[in-house]
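Heads up, target.tsv below (TSV, C-alpha atoms):
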chain	number	residue	atom	x	y	z
I	1	MET	CA	-3.75	-3.73	36.96
I	2	SER	CA	-1.13	-3.10	34.29
I	3	SER	CA	-0.30	0.51	33.48
I	4	THR	CA	1.77	-0.22	30.35
I	5	HIS	CA	-0.80	1.44	28.07
I	6	MET	CA	-1.10	4.67	30.08
I	7	SER	CA	1.68	6.58	28.26
I	8	SER	CA	0.70	9.33	25.83
I	9	THR	CA	2.15	7.49	22.81
I	10	PRO	CA	0.31	4.22	22.13
I	11	ALA	CA	2.42	1.14	22.78
I	12	SER	CA	3.34	-0.99	19.80
I	13	PHE	CA	0.79	-3.77	19.57
I	14	LEU	CA	2.81	-5.73	17.03
I	15	LYS	CA	6.56	-5.17	17.03
I	16	ILE	CA	9.00	-6.88	14.69
I	17	SER	CA	12.68	-6.32	15.47
I	18	ASN	CA	15.72	-7.29	13.36
I	19	LEU	CA	13.81	-10.21	11.86
I	20	ARG	CA	15.67	-12.52	9.51
I	21	LYS	CA	14.41	-15.64	7.79
I	22	SER	CA	16.58	-18.01	5.78
I	23	TYR	CA	16.10	-21.34	4.08
I	24	GLY	CA	19.62	-22.79	4.24
I	25	SER	CA	21.91	-20.20	2.65
I	26	LEU	CA	19.00	-18.39	0.94
I	27	GLU	CA	17.97	-15.32	2.96
I	28	ILE	CA	14.28	-14.50	2.38
I	29	LEU	CA	13.78	-11.70	4.94
I	30	LYS	CA	16.67	-9.38	5.72
I	31	ASP	CA	16.62	-7.43	9.00
I	32	ILE	CA	12.96	-6.35	9.05
I	33	ASN	CA	11.92	-3.74	11.65
I	34	LEU	CA	8.22	-2.79	11.87
I	35	GLU	CA	5.66	-1.84	14.46
I	36	ILE	CA	1.95	-1.07	14.52
I	37	GLU	CA	-0.20	0.32	17.31
I	38	GLU	CA	-3.37	-1.36	18.59
I	39	GLY	CA	-6.20	-0.83	16.12
I	40	GLY	CA	-3.77	-0.09	13.28
I	41	PHE	CA	-4.01	-1.49	9.76
I	42	LEU	CA	-0.58	-2.54	8.47
I	43	VAL	CA	-0.36	-3.47	4.79
I	44	LEU	CA	2.66	-5.42	3.51
I	45	VAL	CA	3.01	-4.68	-0.19
I	46	GLY	CA	5.50	-5.54	-2.90
I	47	PRO	CA	5.96	-7.59	-6.06
I	48	SER	CA	5.62	-11.39	-6.13
I	49	GLY	CA	8.46	-13.10	-4.31
I	50	CYS	CA	9.40	-10.07	-2.17
I	51	GLY	CA	8.86	-11.97	1.11
I	52	LYS	CA	5.56	-10.42	2.26
I	53	SER	CA	3.68	-13.74	2.68
I	54	THR	CA	6.70	-15.27	4.44
I	55	LEU	CA	6.69	-12.32	6.84
I	56	LEU	CA	2.97	-12.83	7.52
I	57	ASN	CA	3.58	-16.55	8.13
I	58	THR	CA	6.29	-15.76	10.68
I	59	ILE	CA	3.84	-13.49	12.56
I	60	ALA	CA	1.29	-16.33	12.46
I	61	GLY	CA	3.84	-18.85	13.68
I	62	LEU	CA	3.47	-20.98	10.55
I	63	GLU	CA	7.16	-20.34	9.76
I	64	PRO	CA	9.96	-20.26	12.36
I	65	ILE	CA	12.23	-17.20	12.27
I	66	THR	CA	15.99	-17.50	11.87
I	67	SER	CA	16.77	-14.57	14.17
I	68	GLY	CA	15.16	-11.44	15.58
I	69	GLU	CA	12.01	-10.90	17.62
I	70	ILE	CA	8.23	-10.76	17.14
I	71	ALA	CA	6.11	-9.39	19.98
I	72	ILE	CA	2.29	-9.25	20.05
I	73	ASP	CA	0.75	-7.05	22.75
I	74	GLU	CA	4.20	-6.64	24.38
I	75	ARG	CA	4.70	-10.41	24.67
I	76	SER	CA	7.33	-12.28	22.67
I	77	VAL	CA	5.79	-15.01	20.53
I	78	ALA	CA	9.12	-16.59	19.53
I	79	GLY	CA	8.64	-20.33	19.40
I	80	LEU	CA	4.97	-20.03	20.43
I	81	HIS	CA	2.59	-22.38	18.61
I	82	PRO	CA	0.14	-20.60	16.20
I	83	SER	CA	-2.83	-21.66	18.38
I	84	LYS	CA	-1.30	-19.83	21.37
I	85	ARG	CA	-0.74	-16.49	19.56
I	86	ASP	CA	-4.38	-15.29	19.66
I	87	ILE	CA	-4.50	-14.54	15.94
I	88	ALA	CA	-6.92	-15.35	13.12
I	89	MET	CA	-5.95	-15.72	9.47
I	90	VAL	CA	-7.91	-15.20	6.26
I	91	PHE	CA	-6.27	-16.65	3.15
I	92	GLN	CA	-6.93	-16.14	-0.55
I	93	SER	CA	-8.12	-19.75	-0.70
I	94	TYR	CA	-11.11	-19.67	1.59
I	95	ALA	CA	-10.78	-23.31	2.72
I	96	LEU	CA	-14.42	-23.64	3.79
I	97	TYR	CA	-15.81	-27.04	4.71
I	98	PRO	CA	-18.01	-27.93	1.69
I	99	ASN	CA	-20.36	-30.26	3.58
I	100	MET	CA	-21.18	-27.70	6.29
I	101	THR	CA	-23.57	-24.77	6.09
I	102	VAL	CA	-22.32	-21.20	6.32
I	103	ALA	CA	-23.42	-21.13	9.99
I	104	GLY	CA	-21.56	-24.41	10.59
I	105	ASN	CA	-18.40	-23.08	9.00
I	106	ILE	CA	-18.49	-19.92	11.10
I	107	ALA	CA	-19.23	-21.84	14.32
I	108	PHE	CA	-16.78	-24.71	13.77
I	109	GLY	CA	-13.83	-23.20	15.65
I	110	MET	CA	-16.07	-22.19	18.55
I	111	GLU	CA	-17.47	-25.74	18.78
I	112	ILE	CA	-13.95	-27.17	18.92
I	113	ARG	CA	-13.14	-24.78	21.80
I	114	GLY	CA	-16.31	-25.82	23.65
I	115	VAL	CA	-18.11	-22.47	23.44
I	116	PRO	CA	-21.73	-22.95	24.67
I	117	LYS	CA	-24.43	-23.14	21.96
I	118	ALA	CA	-26.28	-19.96	22.97
I	119	GLU	CA	-23.00	-17.99	22.88
I	120	ARG	CA	-22.11	-19.51	19.48
I	121	GLU	CA	-25.46	-18.54	18.01
I	122	LYS	CA	-25.18	-14.99	19.31
I	123	ALA	CA	-21.68	-14.63	17.79
I	124	ILE	CA	-22.83	-16.08	14.43
I	125	LYS	CA	-25.74	-13.61	14.31
I	126	GLN	CA	-23.46	-10.67	15.11
I	127	VAL	CA	-20.88	-11.37	12.40
I	128	ALA	CA	-23.51	-12.40	9.85
I	129	ASP	CA	-25.29	-9.06	10.36
I	130	MET	CA	-22.01	-7.18	10.13
I	131	LEU	CA	-20.96	-8.94	6.92
I	132	GLN	CA	-24.48	-8.94	5.45
I	133	ILE	CA	-24.63	-12.72	5.07
I	134	SER	CA	-27.55	-13.46	7.44
I	135	HIS	CA	-29.64	-14.74	4.50
I	136	LEU	CA	-26.91	-17.24	3.56
I	137	LEU	CA	-26.49	-19.03	6.90
I	138	ASP	CA	-28.28	-22.22	5.79
I	139	ARG	CA	-26.50	-22.52	2.45
I	140	LYS	CA	-23.45	-24.63	1.63
I	141	PRO	CA	-20.26	-23.00	0.27
I	142	GLY	CA	-20.89	-24.53	-3.19
I	143	GLN	CA	-24.03	-22.37	-3.52
I	144	LEU	CA	-22.14	-19.12	-2.86
I	145	SER	CA	-20.32	-16.64	-5.09
I	146	GLY	CA	-16.63	-15.90	-4.55
I	147	GLY	CA	-17.41	-12.70	-2.68
I	148	GLN	CA	-19.90	-14.47	-0.41
I	149	ARG	CA	-17.39	-17.23	0.33
I	150	GLN	CA	-14.81	-14.58	1.21
I	151	ARG	CA	-17.28	-13.00	3.65
I	152	VAL	CA	-17.86	-16.39	5.29
I	153	ALA	CA	-14.10	-16.88	5.67
I	154	MET	CA	-13.90	-13.45	7.28
I	155	GLY	CA	-16.84	-14.28	9.55
I	156	ARG	CA	-15.12	-17.46	10.71
I	157	ALA	CA	-12.08	-15.35	11.71
I	158	LEU	CA	-14.13	-12.56	13.30
I	159	VAL	CA	-16.08	-14.77	15.74
I	160	ARG	CA	-12.79	-15.76	17.32
I	161	ASN	CA	-12.34	-12.14	18.45
I	162	PRO	CA	-8.54	-12.48	18.28
I	163	LYS	CA	-5.91	-9.88	19.19
I	164	LEU	CA	-4.62	-9.77	15.65
I	165	PHE	CA	-6.08	-10.46	12.20
I	166	LEU	CA	-3.82	-11.60	9.38
I	167	PHE	CA	-5.08	-11.37	5.80
I	168	ASP	CA	-3.07	-13.00	3.00
I	169	GLU	CA	-4.16	-11.57	-0.39
I	170	PRO	CA	-7.83	-12.18	0.52
I	171	LEU	CA	-9.25	-10.47	-2.58
I	172	SER	CA	-6.92	-11.73	-5.30
I	173	ASN	CA	-9.36	-14.42	-6.53
I	174	LEU	CA	-12.22	-11.93	-7.04
I	175	ASP	CA	-13.12	-10.00	-10.18
I	176	ALA	CA	-12.25	-6.30	-10.37
I	177	LYS	CA	-15.62	-4.83	-9.30
I	178	LEU	CA	-16.06	-7.27	-6.43
I	179	ARG	CA	-12.53	-6.51	-5.22
I	180	VAL	CA	-13.45	-2.82	-4.93
I	181	ASP	CA	-16.68	-3.69	-3.06
I	182	MET	CA	-14.89	-6.05	-0.68
I	183	ARG	CA	-12.13	-3.50	-0.10
I	184	THR	CA	-14.82	-1.10	1.13
I	185	GLU	CA	-16.28	-3.88	3.33
I	186	ILE	CA	-12.90	-4.57	4.95
I	187	LYS	CA	-12.33	-0.84	5.54
I	188	ARG	CA	-15.80	-0.51	7.10
I	189	LEU	CA	-15.19	-3.59	9.23
I	190	HIS	CA	-11.93	-2.15	10.52
I	191	GLN	CA	-13.54	1.21	11.33
I	192	ARG	CA	-16.37	-0.50	13.18
I	193	MET	CA	-14.36	-3.06	15.14
I	194	GLY	CA	-11.07	-1.23	15.65
I	195	THR	CA	-9.16	-4.50	15.44
I	196	THR	CA	-5.45	-4.69	14.58
I	197	ILE	CA	-4.89	-6.03	11.07
I	198	VAL	CA	-1.85	-7.10	9.05
I	199	TYR	CA	-2.76	-7.43	5.39
I	200	VAL	CA	-0.66	-8.75	2.51
I	201	THR	CA	-1.28	-7.64	-1.09
I	202	HIS	CA	0.64	-6.95	-4.30
I	203	ASP	CA	-2.03	-4.39	-5.25
I	204	GLN	CA	-0.78	-0.91	-4.35
I	205	ILE	CA	-4.27	0.67	-4.70
I	206	GLU	CA	-5.50	-1.81	-2.06
I	207	ALA	CA	-2.55	-0.83	0.13
I	208	MET	CA	-3.19	2.91	-0.24
I	209	THR	CA	-6.91	2.68	0.50
I	210	LEU	CA	-6.83	0.30	3.46
I	211	ALA	CA	-3.65	1.02	5.41
I	212	THR	CA	-2.86	3.24	8.33
I	213	LYS	CA	0.77	2.14	7.75
I	214	ILE	CA	2.38	0.60	4.67
I	215	ALA	CA	5.54	-1.52	4.52
I	216	VAL	CA	6.99	-1.77	1.00
I	217	LEU	CA	9.16	-4.85	0.50
I	218	LYS	CA	11.49	-5.85	-2.33
I	219	ASP	CA	13.75	-8.91	-2.36
I	220	GLY	CA	13.24	-9.43	1.38
I	221	VAL	CA	14.38	-5.90	2.25
I	222	LEU	CA	12.08	-3.27	3.77
I	223	GLN	CA	12.25	-0.35	1.31
I	224	GLN	CA	10.05	2.08	3.25
I	225	PHE	CA	7.65	2.05	6.19
I	226	GLY	CA	5.20	4.93	6.75
I	227	SER	CA	1.69	6.27	6.31
I	228	PRO	CA	0.08	6.06	2.84
I	229	ALA	CA	0.67	9.83	2.40
I	230	GLU	CA	4.37	9.54	3.32
I	231	ILE	CA	4.93	6.61	0.97
I	232	TYR	CA	3.07	8.35	-1.89
I	233	ASN	CA	4.42	11.89	-1.52
I	234	ASN	CA	7.92	11.20	-0.19
I	235	PRO	CA	9.06	7.84	-1.59
I	236	ALA	CA	12.40	6.77	-0.09
I	237	ASN	CA	13.79	5.52	-3.40
I	238	THR	CA	12.94	5.08	-7.07
I	239	PHE	CA	11.53	1.56	-6.49
I	240	VAL	CA	8.88	2.86	-4.05
I	241	ALA	CA	8.18	5.88	-6.32
I	242	ASP	CA	7.59	3.60	-9.29
I	243	PHE	CA	5.71	0.86	-7.42
I	244	MET	CA	3.20	2.99	-5.49
I	245	GLY	CA	0.65	4.92	-7.54
I	246	SER	CA	-1.40	4.28	-10.66
I	247	PRO	CA	-0.29	5.60	-13.10
I	248	ALA	CA	3.20	5.40	-11.60
I	249	MET	CA	5.32	8.43	-10.77
I	250	ASN	CA	7.17	9.87	-13.79
I	251	LEU	CA	10.92	9.43	-13.29
I	252	LEU	CA	13.11	11.30	-15.78
I	253	THR	CA	16.70	12.45	-15.99
I	254	GLY	CA	17.46	16.14	-15.51
I	255	THR	CA	20.50	18.33	-14.90
I	256	VAL	CA	20.76	20.63	-11.88
I	257	GLU	CA	21.76	24.18	-12.82
I	258	ALA	CA	22.23	27.49	-11.01
I	259	ASN	CA	19.30	29.88	-11.35
I	260	GLY	CA	20.22	33.26	-9.87
I	261	SER	CA	20.61	32.57	-6.17
I	262	GLY	CA	18.62	29.33	-6.46
I	263	LEU	CA	18.56	26.13	-8.47
I	264	SER	CA	16.74	24.86	-11.52
I	265	VAL	CA	16.44	21.50	-13.25
I	266	ALA	CA	16.87	21.22	-17.04
I	267	LEU	CA	14.91	18.49	-18.85
I	268	ASP	CA	15.68	17.53	-22.44
I	269	ARG	CA	12.90	18.04	-25.00
I	270	GLN	CA	12.73	16.46	-28.45
I	271	HIS	CA	14.01	18.82	-31.18
I	272	GLU	CA	13.90	21.81	-28.83
I	273	GLU	CA	15.90	23.61	-26.18
I	274	PRO	CA	15.75	21.89	-22.76
I	275	LEU	CA	12.82	22.80	-20.52
I	276	VAL	CA	14.27	24.62	-17.50
I	277	LEU	CA	12.18	24.57	-14.30
I	278	GLY	CA	13.16	26.98	-11.51
I	279	MET	CA	13.22	25.32	-8.06
I	280	PRO	CA	12.96	28.06	-5.39
I	281	HIS	CA	11.98	25.49	-2.76
I	282	ALA	CA	14.40	22.72	-3.78
I	283	PRO	CA	15.44	20.17	-1.13
I	284	ALA	CA	18.65	21.27	0.62
I	285	GLY	CA	20.62	18.27	-0.66
I	286	LEU	CA	20.03	19.24	-4.29
I	287	ALA	CA	22.76	21.92	-4.04
I	288	ASN	CA	25.34	19.10	-3.92
I	289	TYR	CA	24.31	18.07	-7.44
I	290	HIS	CA	25.07	21.37	-9.18
I	291	GLY	CA	26.05	20.59	-12.79
I	292	LYS	CA	25.18	16.89	-12.30
I	293	LYS	CA	22.42	14.58	-13.42
I	294	VAL	CA	19.56	13.69	-11.07
I	295	ILE	CA	16.36	11.69	-11.40
I	296	PHE	CA	13.41	14.11	-11.32
I	297	GLY	CA	10.16	12.54	-10.09
I	298	ILE	CA	6.71	14.03	-10.59
I	299	ARG	CA	3.34	12.33	-10.34
I	300	PRO	CA	0.90	12.57	-13.28
I	301	GLU	CA	-1.60	14.66	-11.24
I	302	ALA	CA	1.14	17.25	-10.56
I	303	LEU	CA	1.63	17.66	-14.33
I	304	THR	CA	-1.56	19.09	-15.77
I	305	ASP	CA	-3.18	21.79	-17.92
I	306	PRO	CA	-2.57	25.29	-16.46
I	307	ASP	CA	-6.29	25.79	-15.63
I	308	SER	CA	-6.24	22.68	-13.43
I	309	ALA	CA	-3.02	23.51	-11.56
I	310	ASP	CA	-3.26	23.56	-7.76
I	311	ARG	CA	-4.01	27.16	-6.75
I	312	ASN	CA	-2.42	26.57	-3.33
I	313	ALA	CA	0.93	25.39	-4.68
I	314	ARG	CA	3.94	27.58	-3.86
I	315	THR	CA	5.73	26.84	-7.12
I	316	VAL	CA	4.03	26.07	-10.43
I	317	ALA	CA	6.17	26.25	-13.58
I	318	GLU	CA	4.79	26.06	-17.11
I	319	GLY	CA	6.36	24.67	-20.25
I	320	ASP	CA	5.43	23.70	-23.81
I	321	CYS	CA	5.43	19.96	-24.44
I	322	LEU	CA	4.76	17.92	-27.57
I	323	ILE	CA	1.78	15.62	-27.06
I	324	ASP	CA	2.48	12.09	-28.30
I	325	VAL	CA	-0.64	10.12	-27.29
I	326	VAL	CA	-4.01	11.20	-25.79
I	327	GLU	CA	-5.90	8.70	-23.61
I	328	PRO	CA	-9.41	9.79	-22.50
I	329	ALA	CA	-10.30	8.04	-19.22
I	330	GLY	CA	-13.73	9.40	-18.27
I	331	ALA	CA	-13.10	11.81	-15.42
I	332	ASP	CA	-9.54	12.52	-16.63
I	333	THR	CA	-7.58	12.69	-19.85
I	334	PHE	CA	-4.07	11.27	-19.78
I	335	ALA	CA	-1.49	12.65	-22.18
I	336	VAL	CA	1.82	10.99	-22.99
I	337	ILE	CA	4.66	13.42	-23.68
I	338	HIS	CA	8.41	13.00	-24.21
I	339	LEU	CA	10.62	14.78	-21.72
I	340	GLY	CA	14.03	14.04	-20.20
I	341	GLY	CA	14.50	11.22	-22.71
I	342	LYS	CA	11.40	9.33	-21.55
I	343	ALA	CA	7.68	8.99	-22.29
I	344	ILE	CA	5.88	10.46	-19.29
I	345	VAL	CA	2.22	10.84	-18.32
I	346	ALA	CA	0.30	14.05	-17.58
I	347	ARG	CA	-3.17	13.97	-16.00
I	348	LEU	CA	-5.46	16.61	-17.47
I	349	ARG	CA	-9.11	17.49	-16.96
I	350	ALA	CA	-11.60	15.51	-19.07
I	351	ASP	CA	-12.34	18.33	-21.54
I	352	ALA	CA	-8.75	19.61	-21.95
I	353	ALA	CA	-8.32	20.78	-25.55
I	354	ILE	CA	-5.30	18.73	-26.61
I	355	ALA	CA	-4.52	16.52	-29.58
I	356	ALA	CA	-1.71	14.12	-30.47
I	357	GLY	CA	1.00	15.77	-32.54
I	358	GLN	CA	0.33	19.23	-31.14
I	359	THR	CA	2.33	21.23	-28.61
I	360	ALA	CA	0.46	22.07	-25.41
I	361	ARG	CA	1.32	24.22	-22.43
I	362	LEU	CA	1.51	22.17	-19.24
I	363	ALA	CA	1.83	23.19	-15.60
I	364	PHE	CA	4.34	21.45	-13.28
I	365	ASN	CA	3.43	21.60	-9.57
I	366	LEU	CA	7.01	21.64	-8.27
I	367	ASP	CA	5.85	21.40	-4.64
I	368	LYS	CA	5.19	17.75	-5.49
I	369	ALA	CA	8.52	17.13	-7.27
I	370	VAL	CA	11.03	14.74	-5.70
I	371	PHE	CA	14.65	14.08	-6.67
I	372	PHE	CA	16.71	10.90	-6.55
I	373	ASP	CA	20.41	10.14	-6.81
I	374	PRO	CA	21.00	8.26	-10.11
I	375	ALA	CA	23.62	5.94	-8.58
I	376	SER	CA	22.04	5.01	-5.22
I	377	GLN	CA	18.41	5.54	-6.39
I	378	LEU	CA	17.74	7.13	-2.96
I	379	ARG	CA	15.72	10.30	-2.50
I	380	ILE	CA	17.66	13.54	-2.14
I	381	ALA	CA	16.37	15.29	0.97

Can you give me the file's structure in the form of structure tokens?
Amino acid sequence: MSSTHMSSTPASFLKISNLRKSYGSLEILKDINLEIEEGGFLVLVGPSGCGKSTLLNTIAGLEPITSGEIAIDERSVAGLHPSKRDIAMVFQSYALYPNMTVAGNIAFGMEIRGVPKAEREKAIKQVADMLQISHLLDRKPGQLSGGQRQRVAMGRALVRNPKLFLFDEPLSNLDAKLRVDMRTEIKRLHQRMGTTIVYVTHDQIEAMTLATKIAVLKDGVLQQFGSPAEIYNNPANTFVADFMGSPAMNLLTGTVEANGSGLSVALDRQHEEPLVLGMPHAPAGLANYHGKKVIFGIRPEALTDPDSADRNARTVAEGDCLIDVVEPAGADTFAVIHLGGKAIVARLRADAAIAAGQTARLAFNLDKAVFFDPASQLRIA
């Protein structure tokens, strides 16, 4: 019996090392290194054309790799045919057989593999119960809604009981409410089954809610790989900071100044003296930028009305800001203000007493502030 899984740290179930993929002289994936443990949920996220679907296709074996290594369950799959990789894929186009019933669609792969009828029926019942489609088993795909068809496509993958599930933008054809419902279904499915999933999306909310690990890609380069909290709170560069989060992180130019024995950052205000924020817990690297410009990043929820400021924060600074636009959004009110030469967004409580054209006092939770180098765009640690 193998003892490879007995170590205290879980072995990588999927490991991608130094992966490159080119079409002729065009390099699509550039030295990708990723790994996910068994039962993990890895989301590949990034704008259109960043290489995330190509990366998924290389894991599936639908695309050969130019160089590097892909291992599934500690076994290299280089050159291995897709059918030998023990994976199941769910695409955004559900590709169901229109002349077969739902039950027929789910069972089709098992029939091809010669699974006995009693076993097939048991498997169909299990996944249909899990996906809440038992009442649809006798219908044809043409009689189903988009969300129901997506569930059938998932059911067809689930009955295979593969080592690895690959999802390629499975919810992008659904309307907004159904996407949220299906996102919850996929999360519940993962919790219940504990399967290992690699999931491609361009929707960063989907990435944040589903993933145990997120890989952010841009132009075929891995920008950052980490947990949702790491990616959100400590973005590696301005691209990740701007891409992850809705509304996006505010990124504005400030100047680092001395403040007694510590540092502060000065942000330009319209028609007023700069707003100077003391940074007693500034990252160590910020001292190298004394007298220089930096990019100051703060998320909208860390910029709020003083009554809503986080009571547990070590450093909260307040400043008067001119309100440009007020956007009520139900549970929150968003306010657009001008600071550091940019329009930025503050997230206030629903009944905050503010109005466009007025000056309001806002609280900056500086525990949540991050700084970037203006030239390299990398985070200053």

Which one is closest to Lys213 of chain I: I:Ser12, I:Arg361, I:Ile36, I:Cys321? Count all atoms listed in the file.
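That would be I:Ile36, the residue with the smallest distance to Lys213 of chain I.
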
Taking only C-alpha atoms into account, produce a table as CSV in which each residue of segment 255-318 of chain I with an atom at most 12 Å from an atom of segment 348-356 of chain I appears once, together with its shortest atom pair and the distance in Å to one decimal, ordered by chain and rising number.
residue,atom,partner,partner_atom,distance
I:Pro300,CA,I:Leu348,CA,8.6
I:Glu301,CA,I:Leu348,CA,7.6
I:Ala302,CA,I:Leu348,CA,9.6
I:Leu303,CA,I:Leu348,CA,7.8
I:Thr304,CA,I:Leu348,CA,4.9
I:Asp305,CA,I:Leu348,CA,5.7
I:Pro306,CA,I:Leu348,CA,9.2
I:Asp307,CA,I:Arg349,CA,8.9
I:Ser308,CA,I:Arg349,CA,6.9
I:Ala309,CA,I:Leu348,CA,9.4

Selection: 8 Å around segment 129-138 of chain I, all atoms listed in the file, excl. self and same-chain fewer than 5 positions, as number ranges by chain
I: 101-103, 148, 151-152, 155, 185, 189

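Between atom CA of Ala335 of chain I and atom CA of Ala248 of chain I the interatomic distance comes to 13.7 Å.
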
Just the residues within 9 Å of Pro64 of chain I, please, counting all atoms listed in the file, with nothing from its chain fewer than 3 positions along; format it as a list in words.
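Skipping anything fewer than 3 positions along the chain leaves Lys21, Asn57, Thr58, Gly61, Ala78 and Gly79 of chain I.
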
Write the residues you've just listed into a file as a PDB file, in the coordinates of the input, and include C-alpha atoms for each of them.
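Okay, this is what ended up in out05.pdb:
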ATOM      1  CA  LYS I  21      14.410 -15.640   7.790  1.00  0.00           C
ATOM      2  CA  ASN I  57       3.580 -16.550   8.130  1.00  0.00           C
ATOM      3  CA  THR I  58       6.290 -15.760  10.680  1.00  0.00           C
ATOM      4  CA  GLY I  61       3.840 -18.850  13.680  1.00  0.00           C
ATOM      5  CA  ALA I  78       9.120 -16.590  19.530  1.00  0.00           C
ATOM      6  CA  GLY I  79       8.640 -20.330  19.400  1.00  0.00           C
TER       7      GLY I  79
END

Go ahead and compute the interatomic distance for atom CA of Gly49 of chain I and atom CA of Gln223 of chain I, in Å to one decimal.
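So the answer is 14.4 Å.
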
List as a PDB file with C-alpha atoms, in the coordinates of the input: which residues have an atom within 6 Å of (15.0, 24.5, -8.2), counting only C-alpha atoms?
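As a result, point-v7.pdb now contains:
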ATOM      1  CA  LEU I 263      18.560  26.130  -8.470  1.00  0.00           C
ATOM      2  CA  SER I 264      16.740  24.860 -11.520  1.00  0.00           C
ATOM      3  CA  GLY I 278      13.160  26.980 -11.510  1.00  0.00           C
ATOM      4  CA  MET I 279      13.220  25.320  -8.060  1.00  0.00           C
ATOM      5  CA  PRO I 280      12.960  28.060  -5.390  1.00  0.00           C
ATOM      6  CA  ALA I 282      14.400  22.720  -3.780  1.00  0.00           C
TER       7      ALA I 282
END

Selection near Glu273 of chain I, 12 Å with all atoms listed in the file, sequence-local residues under 3 positions removed, as a list in words:
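Skipping anything fewer than 3 positions along the chain leaves Ala266, Leu267, Asp268, Arg269, Gln270, Val276, Gly319, Asp320, Cys321, Leu339 and Gly340 of chain I.
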
Neighbours of Gly220 of chain I within 6 Å (all atoms listed in the file; same-chain residues fewer than 4 positions away dropped), as number ranges by chain?
I: 28-30, 50-51

State, in Å with one decimal place, the distance from atom CA of Gly39 of chain I to atom CA of Leu14 of chain I.
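Separation between atom CA of Gly39 of chain I and atom CA of Leu14 of chain I: 10.3 Å.
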
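Nearest to Thr315 of chain I of all the residues I:Ala375, I:Leu62, I:Ala329, I:Ala369 is I:Ala369, counting all atoms listed in the file.
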
Taking only C-alpha atoms into account, which of I:Ala11, I:Ala363, I:Leu222, I:Ile197 comes nearest Asp310 of chain I?
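Of I:Ala11, I:Ala363, I:Leu222, I:Ile197, the one nearest Asp310 of chain I, counting only C-alpha atoms, is I:Ala363.
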
Which of I:Phe108, I:Phe243, I:Phe13, I:Phe364 sits closest to Phe296 of chain I [using all atoms listed in the file]
I:Phe364

Reconstructed N, CA and C atoms for segment 149-161 of chain I, given as a compact mmCIF listing (two decimals), keeping the file's coordinate frame:
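result-v7.txt written:
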# COMPACT_ATOMS: atom_id res chain seq x y z
N ARG I 149 -18.29 -16.27 -0.35
CA ARG I 149 -17.39 -17.23 0.33
C ARG I 149 -16.32 -16.48 1.12
N GLN I 150 -15.83 -15.38 0.52
CA GLN I 150 -14.81 -14.58 1.21
C GLN I 150 -15.38 -13.99 2.50
N ARG I 151 -16.63 -13.55 2.45
CA ARG I 151 -17.28 -13.00 3.65
C ARG I 151 -17.41 -14.06 4.74
N VAL I 152 -17.74 -15.29 4.32
CA VAL I 152 -17.86 -16.39 5.29
C VAL I 152 -16.51 -16.65 5.95
N ALA I 153 -15.45 -16.66 5.14
CA ALA I 153 -14.10 -16.88 5.67
C ALA I 153 -13.74 -15.78 6.67
N MET I 154 -14.15 -14.55 6.35
CA MET I 154 -13.90 -13.45 7.28
C MET I 154 -14.72 -13.62 8.56
N GLY I 155 -15.96 -14.06 8.40
CA GLY I 155 -16.84 -14.28 9.55
C GLY I 155 -16.27 -15.32 10.49
N ARG I 156 -15.71 -16.38 9.91
CA ARG I 156 -15.12 -17.46 10.71
C ARG I 156 -13.95 -16.92 11.56
N ALA I 157 -13.19 -15.97 10.96
CA ALA I 157 -12.08 -15.35 11.71
C ALA I 157 -12.60 -14.39 12.77
N LEU I 158 -13.63 -13.61 12.41
CA LEU I 158 -14.13 -12.56 13.30
C LEU I 158 -14.73 -13.11 14.59
N VAL I 159 -15.43 -14.24 14.52
CA VAL I 159 -16.08 -14.77 15.74
C VAL I 159 -15.05 -15.19 16.78
N ARG I 160 -13.82 -15.38 16.35
CA ARG I 160 -12.79 -15.76 17.32
C ARG I 160 -12.41 -14.59 18.19
N ASN I 161 -12.69 -13.35 17.71
CA ASN I 161 -12.34 -12.14 18.45
C ASN I 161 -10.87 -12.15 18.88
